[in-house]
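What follows is target-v1.txt (compact mmCIF, C-alpha atoms and all ligand atoms).
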```
# COMPACT_ATOMS: atom_id res chain seq x y z
CA MET A 3 -24.26 -21.13 -9.79
CA ASN A 4 -22.60 -23.69 -12.00
CA THR A 5 -25.65 -25.43 -13.42
CA GLU A 6 -28.08 -22.52 -13.71
CA PHE A 7 -25.82 -19.60 -14.48
CA GLY A 8 -22.64 -21.17 -15.77
CA ILE A 9 -20.55 -19.28 -13.25
CA SER A 10 -17.99 -21.15 -11.21
CA PRO A 11 -17.73 -19.68 -7.72
CA SER A 12 -14.63 -17.58 -7.17
CA LEU A 13 -12.72 -16.97 -3.97
CA GLU A 14 -14.94 -13.92 -3.27
CA HIS A 15 -18.15 -15.94 -3.68
CA HIS A 16 -16.83 -18.49 -1.21
CA ALA A 17 -15.84 -15.70 1.17
CA CYS A 18 -19.39 -14.29 1.07
CA LEU A 19 -20.99 -17.67 1.74
CA VAL A 20 -18.60 -18.39 4.61
CA ASP A 21 -19.37 -14.96 6.06
CA ILE A 22 -23.16 -15.38 5.77
CA LEU A 23 -23.13 -18.80 7.43
CA GLY A 24 -20.69 -17.73 10.09
CA ARG A 25 -22.58 -14.58 11.04
CA GLY A 26 -25.77 -16.62 11.21
CA GLY A 27 -24.11 -18.81 13.82
CA ARG A 28 -23.71 -21.79 11.48
CA ILE A 29 -19.94 -21.82 11.91
CA LYS A 30 -19.54 -25.58 11.42
CA GLU A 31 -21.31 -25.38 8.04
CA ALA A 32 -19.13 -22.40 7.14
CA LEU A 33 -16.10 -24.51 8.02
CA GLU A 34 -17.39 -27.30 5.73
CA VAL A 35 -17.56 -24.81 2.85
CA VAL A 36 -13.94 -23.87 3.53
CA LYS A 37 -12.84 -27.51 3.68
CA ASN A 38 -14.57 -28.33 0.38
CA MET A 39 -13.27 -25.37 -1.58
CA SER A 40 -11.50 -26.21 -4.82
CA MET A 41 -9.03 -23.35 -4.25
CA LYS A 42 -6.86 -22.46 -1.30
CA PRO A 43 -8.85 -20.43 1.27
CA SER A 44 -7.44 -16.95 1.75
CA GLY A 45 -6.53 -15.29 5.01
CA SER A 46 -9.64 -13.13 4.77
CA ILE A 47 -11.84 -16.25 4.68
CA TRP A 48 -10.22 -17.62 7.85
CA GLY A 49 -10.45 -14.12 9.31
CA SER A 50 -14.19 -13.97 8.62
CA LEU A 51 -14.61 -17.34 10.37
CA LEU A 52 -12.66 -16.07 13.34
CA ASN A 53 -14.85 -12.98 13.46
CA SER A 54 -17.93 -15.23 13.48
CA CYS A 55 -16.46 -17.07 16.46
CA ARG A 56 -16.18 -13.68 18.19
CA LEU A 57 -19.80 -12.81 17.39
CA HIS A 58 -21.02 -16.12 18.77
CA GLY A 59 -18.48 -16.56 21.57
CA ASN A 60 -17.15 -19.87 20.25
CA VAL A 61 -13.74 -20.11 21.91
CA SER A 62 -12.72 -23.67 21.04
CA LEU A 63 -13.38 -23.26 17.33
CA ALA A 64 -11.72 -19.84 17.42
CA GLU A 65 -8.50 -21.42 18.70
CA ALA A 66 -8.42 -23.96 15.86
CA ILE A 67 -9.18 -21.31 13.22
CA ALA A 68 -6.66 -18.85 14.66
CA LYS A 69 -3.97 -21.53 14.37
CA ARG A 70 -4.56 -21.76 10.61
CA LEU A 71 -4.75 -18.01 10.28
CA PHE A 72 -1.50 -17.43 12.15
CA GLU A 73 0.25 -19.83 9.75
CA LEU A 74 -1.11 -17.94 6.74
CA GLU A 75 -0.61 -14.41 8.05
CA PRO A 76 1.95 -14.60 10.85
CA ASN A 77 2.56 -10.85 10.86
CA ASN A 78 -1.00 -9.49 10.82
CA PRO A 79 -1.61 -7.93 14.25
CA GLY A 80 -5.38 -7.79 13.64
CA ASN A 81 -5.70 -11.57 13.86
CA TYR A 82 -3.94 -11.74 17.22
CA VAL A 83 -6.08 -8.91 18.55
CA LEU A 84 -9.23 -10.68 17.37
CA LEU A 85 -8.32 -13.89 19.21
CA SER A 86 -7.35 -11.88 22.26
CA ASN A 87 -10.76 -10.16 22.17
CA ILE A 88 -12.49 -13.53 22.00
CA TYR A 89 -10.61 -14.67 25.11
CA ALA A 90 -11.32 -11.36 26.87
CA ASN A 91 -15.06 -11.55 26.12
CA ALA A 92 -15.10 -15.04 27.64
CA GLY A 93 -13.13 -13.80 30.68
CA LEU A 94 -10.25 -16.15 29.82
CA TRP A 95 -7.37 -13.92 30.89
CA GLU A 96 -4.83 -16.73 30.59
CA GLY A 97 -5.63 -16.81 26.87
CA VAL A 98 -5.26 -13.04 26.59
CA LYS A 99 -1.86 -13.29 28.23
CA MET A 100 -0.82 -16.16 25.97
CA VAL A 101 -1.68 -14.15 22.83
CA ARG A 102 0.20 -11.15 24.22
CA ASP A 103 3.26 -13.35 24.88
CA VAL A 104 3.19 -14.81 21.36
CA MET A 105 2.95 -11.29 19.88
CA GLU A 106 5.88 -10.16 21.97
CA LYS A 107 7.96 -13.20 21.03
CA ARG A 108 7.27 -12.65 17.32
CA GLY A 109 7.82 -8.90 17.58
CA ILE A 110 4.28 -8.04 16.45
CA LYS A 111 2.94 -4.72 17.64
CA LYS A 112 -0.72 -3.82 17.88
CA GLU A 113 -1.37 -0.85 15.65
CA ALA A 114 -2.40 2.16 17.74
CA GLY A 115 -5.90 3.42 17.06
CA CYS A 116 -6.02 6.74 15.23
CA SER A 117 -8.90 8.89 13.96
CA TRP A 118 -9.05 11.95 11.76
CA ILE A 119 -11.61 14.69 11.44
CA GLN A 120 -11.47 17.69 9.12
CA ILE A 121 -12.90 20.97 10.31
CA LYS A 122 -12.62 24.17 8.27
CA LYS A 123 -9.96 22.75 5.92
CA LYS A 124 -7.80 21.64 8.84
CA LEU A 125 -7.22 17.97 9.60
CA HIS A 126 -7.22 17.02 13.27
CA THR A 127 -5.69 13.71 14.37
CA PHE A 128 -6.43 11.83 17.57
CA VAL A 129 -4.66 8.73 18.81
CA ALA A 130 -6.07 6.23 21.33
CA SER A 131 -5.89 7.55 24.89
CA GLY A 132 -4.61 10.83 23.42
CA GLY A 133 -6.19 14.24 23.01
CA PHE A 134 -5.37 14.85 26.63
CA GLU A 135 -5.59 18.62 26.45
CA LEU A 136 -8.98 18.47 24.77
CA ARG A 137 -10.31 15.82 27.14
CA SER A 138 -9.31 17.77 30.22
CA SER A 139 -10.91 21.00 28.98
CA ASN A 140 -14.05 22.20 30.73
CA GLU A 141 -16.18 22.33 27.60
CA TYR A 142 -15.28 18.72 26.80
CA LYS A 143 -16.09 17.52 30.31
CA LYS A 144 -19.33 19.48 30.37
CA LEU A 145 -20.46 18.12 27.00
CA TRP A 146 -19.36 14.60 27.94
CA ASN A 147 -21.41 14.66 31.14
CA GLU A 148 -24.47 16.09 29.40
CA LEU A 149 -24.19 13.48 26.68
CA MET A 150 -23.76 10.59 29.10
CA GLU A 151 -26.78 11.70 31.09
CA ALA A 152 -28.96 11.97 27.98
CA MET A 153 -27.61 8.69 26.60
CA GLU A 154 -28.15 6.76 29.80
CA ALA A 155 -31.73 8.06 29.93
CA ASP A 156 -31.97 6.88 26.32
CA GLY A 157 -30.96 3.35 27.36
CA TYR A 158 -27.26 3.34 26.50
CA VAL A 159 -25.20 0.90 28.54
CA SER A 160 -21.45 0.72 28.08
CA SER A 161 -20.29 -2.75 27.00
CA THR A 162 -16.75 -3.10 28.18
CA GLY A 163 -15.97 -6.64 27.00
CA VAL A 164 -13.75 -5.15 24.30
CA VAL A 165 -11.15 -4.02 26.79
CA LEU A 166 -8.37 -6.56 26.88
CA HIS A 167 -7.11 -5.78 30.30
CA ASP A 168 -8.07 -7.67 33.39
CA VAL A 169 -9.20 -4.58 35.28
CA ASN A 170 -12.39 -3.58 37.06
CA GLU A 171 -15.49 -2.30 35.24
CA GLU A 172 -14.90 1.34 36.11
CA MET A 173 -11.38 1.23 34.70
CA LYS A 174 -12.62 -0.51 31.55
CA ALA A 175 -15.25 2.18 31.00
CA MET A 176 -12.56 4.84 31.35
CA TRP A 177 -10.36 2.99 28.86
CA VAL A 178 -12.92 2.84 26.05
CA CYS A 179 -13.76 6.54 26.60
CA GLY A 180 -10.28 7.26 25.25
CA HIS A 181 -10.84 5.49 21.91
CA SER A 182 -9.81 7.87 19.17
CA GLU A 183 -13.12 7.90 17.26
CA ARG A 184 -14.93 9.09 20.40
CA VAL A 185 -12.50 11.89 21.03
CA ALA A 186 -12.77 12.89 17.35
CA THR A 187 -16.59 12.83 17.58
CA MET A 188 -16.52 14.99 20.70
CA PHE A 189 -14.17 17.40 18.94
CA GLY A 190 -16.58 17.54 16.00
CA LEU A 191 -19.56 18.20 18.27
CA ILE A 192 -17.72 21.03 19.99
CA HIS A 193 -16.46 22.68 16.81
CA THR A 194 -19.39 22.37 14.39
CA GLY A 195 -22.89 23.80 14.49
CA ALA A 196 -26.16 21.96 14.99
CA GLY A 197 -27.27 19.82 12.07
CA ILE A 198 -23.85 19.53 10.44
CA PRO A 199 -22.82 15.91 9.84
CA ILE A 200 -19.63 14.73 11.54
CA ARG A 201 -17.21 12.81 9.31
CA ILE A 202 -14.46 10.69 10.81
CA THR A 203 -11.90 8.29 9.41
CA LYS A 204 -10.30 5.56 11.53
CA ASN A 205 -7.30 3.33 10.84
CA LEU A 206 -8.76 0.27 12.64
CA ARG A 207 -12.15 -1.37 12.97
CA VAL A 208 -14.55 0.45 15.26
CA CYS A 209 -15.09 -1.53 18.49
CA VAL A 210 -18.50 -2.76 19.66
CA ASP A 211 -18.75 -0.23 22.44
CA CYS A 212 -17.82 2.79 20.32
CA HIS A 213 -20.33 1.59 17.73
CA SER A 214 -23.22 1.60 20.22
CA TRP A 215 -21.91 4.86 21.71
CA MET A 216 -22.04 6.51 18.26
CA LYS A 217 -25.55 5.23 17.62
CA SER A 218 -26.72 6.73 20.87
CA VAL A 219 -24.87 10.02 20.27
CA SER A 220 -26.53 10.33 16.85
CA ARG A 221 -29.93 9.99 18.51
CA VAL A 222 -29.51 12.31 21.49
CA THR A 223 -27.69 15.05 19.54
CA ARG A 224 -29.77 14.61 16.32
CA ARG A 225 -26.52 14.61 14.36
CA VAL A 226 -25.50 12.37 11.52
CA ILE A 227 -22.10 10.76 12.12
CA ILE A 228 -20.26 9.11 9.25
CA LEU A 229 -17.39 6.92 10.28
CA ARG A 230 -15.10 5.26 7.77
CA ASP A 231 -13.20 2.42 9.46
CA THR A 232 -10.96 -0.21 7.85
CA ASN A 233 -13.93 -2.36 6.87
CA ARG A 234 -16.68 -0.02 5.75
CA PHE A 235 -18.62 3.20 6.11
CA HIS A 236 -20.88 3.49 9.14
CA HIS A 237 -23.65 6.02 8.73
CA PHE A 238 -25.13 6.74 12.16
CA ASP A 239 -28.47 8.50 12.18
CA LYS A 240 -31.31 8.63 14.74
CA GLY A 241 -29.74 5.87 16.83
CA MET A 242 -29.22 3.42 13.96
CA CYS A 243 -26.26 2.49 11.81
CA SER A 244 -26.34 1.73 8.09
CA CYS A 245 -24.34 -1.48 8.72
CA LYS A 246 -27.25 -2.79 10.81
CA ASP A 247 -24.68 -3.79 13.44
CA TYR A 248 -22.81 -6.17 11.14
CA TRP A 249 -19.28 -5.21 10.24
ZN ZN B 301 -13.83 1.77 20.72
ZN ZN B 302 -22.10 0.43 11.79
```

Structure re-expressed in structure tokens:
Amino acid sequence: MNTEFGISPSLEHHACLVDILGRGGRIKEALEVVKNMSMKPSGSIWGSLLNSCRLHGNVSLAEAIAKRLFELEPNNPGNYVLLSNIYANAGLWEGVKMVRDVMEKRGIKKEAGCSWIQIKKKLHTFVASGGFELRSSNEYKKLWNELMEAMEADGYVSSTGVVLHDVNEEMKAMWVCGHSERVATMFGLIHTGAGIPIRITKNLRVCVDCHSWMKSVSRVTRRVIILRDTNRFHHFDKGMCSCKDYW
């Protein structure tokens, strides 16, 4: 960039390179880029490295990176949740508990998941594990069962590694079913006609399981689902997402 284009790489350029290397599994090289930066790496750069550790299940490096990140952004709940997810995916429940204890000691609360959907000029809000009335209605249960049957036939398998709690698989599956973006999607399917795209906004990042759930729903229902989460737009159509599973 310097010699051919006369552009000196900015913080954003570095962040992109670190992200590319990290996502590609070359986390050590990504770390070298960070160490050799002429400017101070931002929290988002360390955060991208930590996310790469999650993608590639690298627990030991994740711990070292999280330490730096916690110094830089001690009050960002997302970082703690990310590390906790890495421990949970590896089945290291002691680690999950440790992160939970640190959060409690520092008074950091995990932001509750919340999704919004607008139907006929009215905004409907769903919080994680909420929407109880809707979820216990017969039309919801009927649609849910029909969907699950079609989706399982379509090859959908629930991945429950995202659930932080040390509980059995059945409980975990139940837990992710209550994620707000799913309840909002179900609400949209019930209250809009065939062919109408479903648009949802979420205050947190969509989890891995909801992401594959949405892909499958878009295929079996032939509906387009557009989900705006904290990181990006996800445009689900015919079983695929515009983010190509990177977010
Ligand atoms: Zn989810
Ligand atoms: Zn996506």

Review point. If we count only C-alpha atoms, what is near Ile198 (chain A) at a cut-off of 10 Å, once residues fewer than 5 positions away on the same chain are taken out, given as a PyMOL selection string?
Key: chain A and resi 190-191+224-227

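Polymer residues near (-5.8, 0.4, 10.5): counting all atoms listed in the file with a cut-off of 8 Å, they are Glu113, Gly115, Cys116, Lys204, Asn205, Leu206, Arg207, Asp231 and Thr232 of chain A.
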
So that I have them on file, write out the residues from the current selection with C-alpha atoms, as a PDB file, keeping the file's coordinate frame.
```
ATOM      1  CA  GLU A 113      -1.370  -0.850  15.650  1.00  0.00           C
ATOM      2  CA  GLY A 115      -5.900   3.420  17.060  1.00  0.00           C
ATOM      3  CA  CYS A 116      -6.020   6.740  15.230  1.00  0.00           C
ATOM      4  CA  LYS A 204     -10.300   5.560  11.530  1.00  0.00           C
ATOM      5  CA  ASN A 205      -7.300   3.330  10.840  1.00  0.00           C
ATOM      6  CA  LEU A 206      -8.760   0.270  12.640  1.00  0.00           C
ATOM      7  CA  ARG A 207     -12.150  -1.370  12.970  1.00  0.00           C
ATOM      8  CA  ASP A 231     -13.200   2.420   9.460  1.00  0.00           C
ATOM      9  CA  THR A 232     -10.960  -0.210   7.850  1.00  0.00           C
TER      10      THR A 232
END
```

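Among A:Arg25, A:Lys112, A:Arg56, A:Lys143, the residue with the shortest atom-to-atom distance to Ala90 (chain A), counting all atoms listed in the file, is A:Arg56.
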
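The nearest approach to Gly241 (chain A) among the residues A:Gly45, A:Gly157, A:Gly80, A:Gly133, with only C-alpha atoms taken into account, belongs to A:Gly157.
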
Check your understanding: Which residues sit within 12 Å of ligand ZN 302 (chain B), counting all atoms listed in the file, listed as a VMD selection string?
Key -> chain A and resid 207 to 218 220 227 to 239 241 to 249

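Minimum atom-to-atom distances from A:Ala114, A:Ile88, A:Val104, A:Leu74 to Gly132 (chain A) were compared using only C-alpha atoms, and the lowest value belongs to A:Ala114.
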
Practice item. Would you list the contacts of region 8-21 of chain A as a ChimeraX atom specification, taking every protein, DNA or RNA residue within 12 Å and counting only C-alpha atoms, but skipping same-chain residues closer than 6 positions in sequence? Key: /A:27-55,57,248-249

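Straight-line separation from CA of Gly197 (chain A) to CA of Thr223 (chain A): 8.9 Å.
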
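Here CA of Leu136 (chain A) and CA of Ala186 (chain A) stand 10.0 Å from one another.
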
**Study point:** Point-to-point distance in Å for CA of Val219 (chain A) and CA of Asp156 (chain A)
**Key:** 9.8 Å

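Comparing A:His193, A:Arg137, A:Arg221, A:Arg184 by their smallest distance to ligand ZN 301 (chain B), the closest is A:Arg184 (using all atoms listed in the file).
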
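Only residues having an atom at most 12 Å from (-3.1, -17.3, 27.4) are included; using only C-alpha atoms, these are Glu65, Tyr82, Leu85, Ser86, Asn87, Ile88, Tyr89, Ala90, Gly93, Leu94, Trp95, Glu96, Gly97, Val98, Lys99, Met100, Val101, Arg102, Asp103, Val104, Met105 and Leu166 of chain A.
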
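Closest approach to ligand ZN 301 (chain B) among A:Met150, A:Phe189, A:Gly195, A:Cys179 is made by A:Cys179 (distances from only C-alpha atoms and all ligand atoms).
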
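Nearest-residue note for Val129 (chain A): choosing from A:Glu183, A:Glu141, A:Glu154, A:Glu148, the minimum distance belongs to A:Glu183, counting only C-alpha atoms.
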
What lies within 9 Å of Ile119 (chain A) using all atoms listed in the file, ignoring chain neighbours under 4 positions off, as a PDB file with C-alpha atoms, in the frame of the given file?
```pdb
ATOM      1  CA  LYS A 124      -7.800  21.640   8.840  1.00  0.00           C
ATOM      2  CA  LEU A 125      -7.220  17.970   9.600  1.00  0.00           C
ATOM      3  CA  HIS A 126      -7.220  17.020  13.270  1.00  0.00           C
ATOM      4  CA  THR A 127      -5.690  13.710  14.370  1.00  0.00           C
ATOM      5  CA  PHE A 128      -6.430  11.830  17.570  1.00  0.00           C
ATOM      6  CA  ALA A 186     -12.770  12.890  17.350  1.00  0.00           C
ATOM      7  CA  THR A 187     -16.590  12.830  17.580  1.00  0.00           C
ATOM      8  CA  PHE A 189     -14.170  17.400  18.940  1.00  0.00           C
ATOM      9  CA  GLY A 190     -16.580  17.540  16.000  1.00  0.00           C
ATOM     10  CA  ILE A 200     -19.630  14.730  11.540  1.00  0.00           C
ATOM     11  CA  ARG A 201     -17.210  12.810   9.310  1.00  0.00           C
ATOM     12  CA  ILE A 202     -14.460  10.690  10.810  1.00  0.00           C
ATOM     13  CA  THR A 203     -11.900   8.290   9.410  1.00  0.00           C
TER      14      THR A 203
END
```
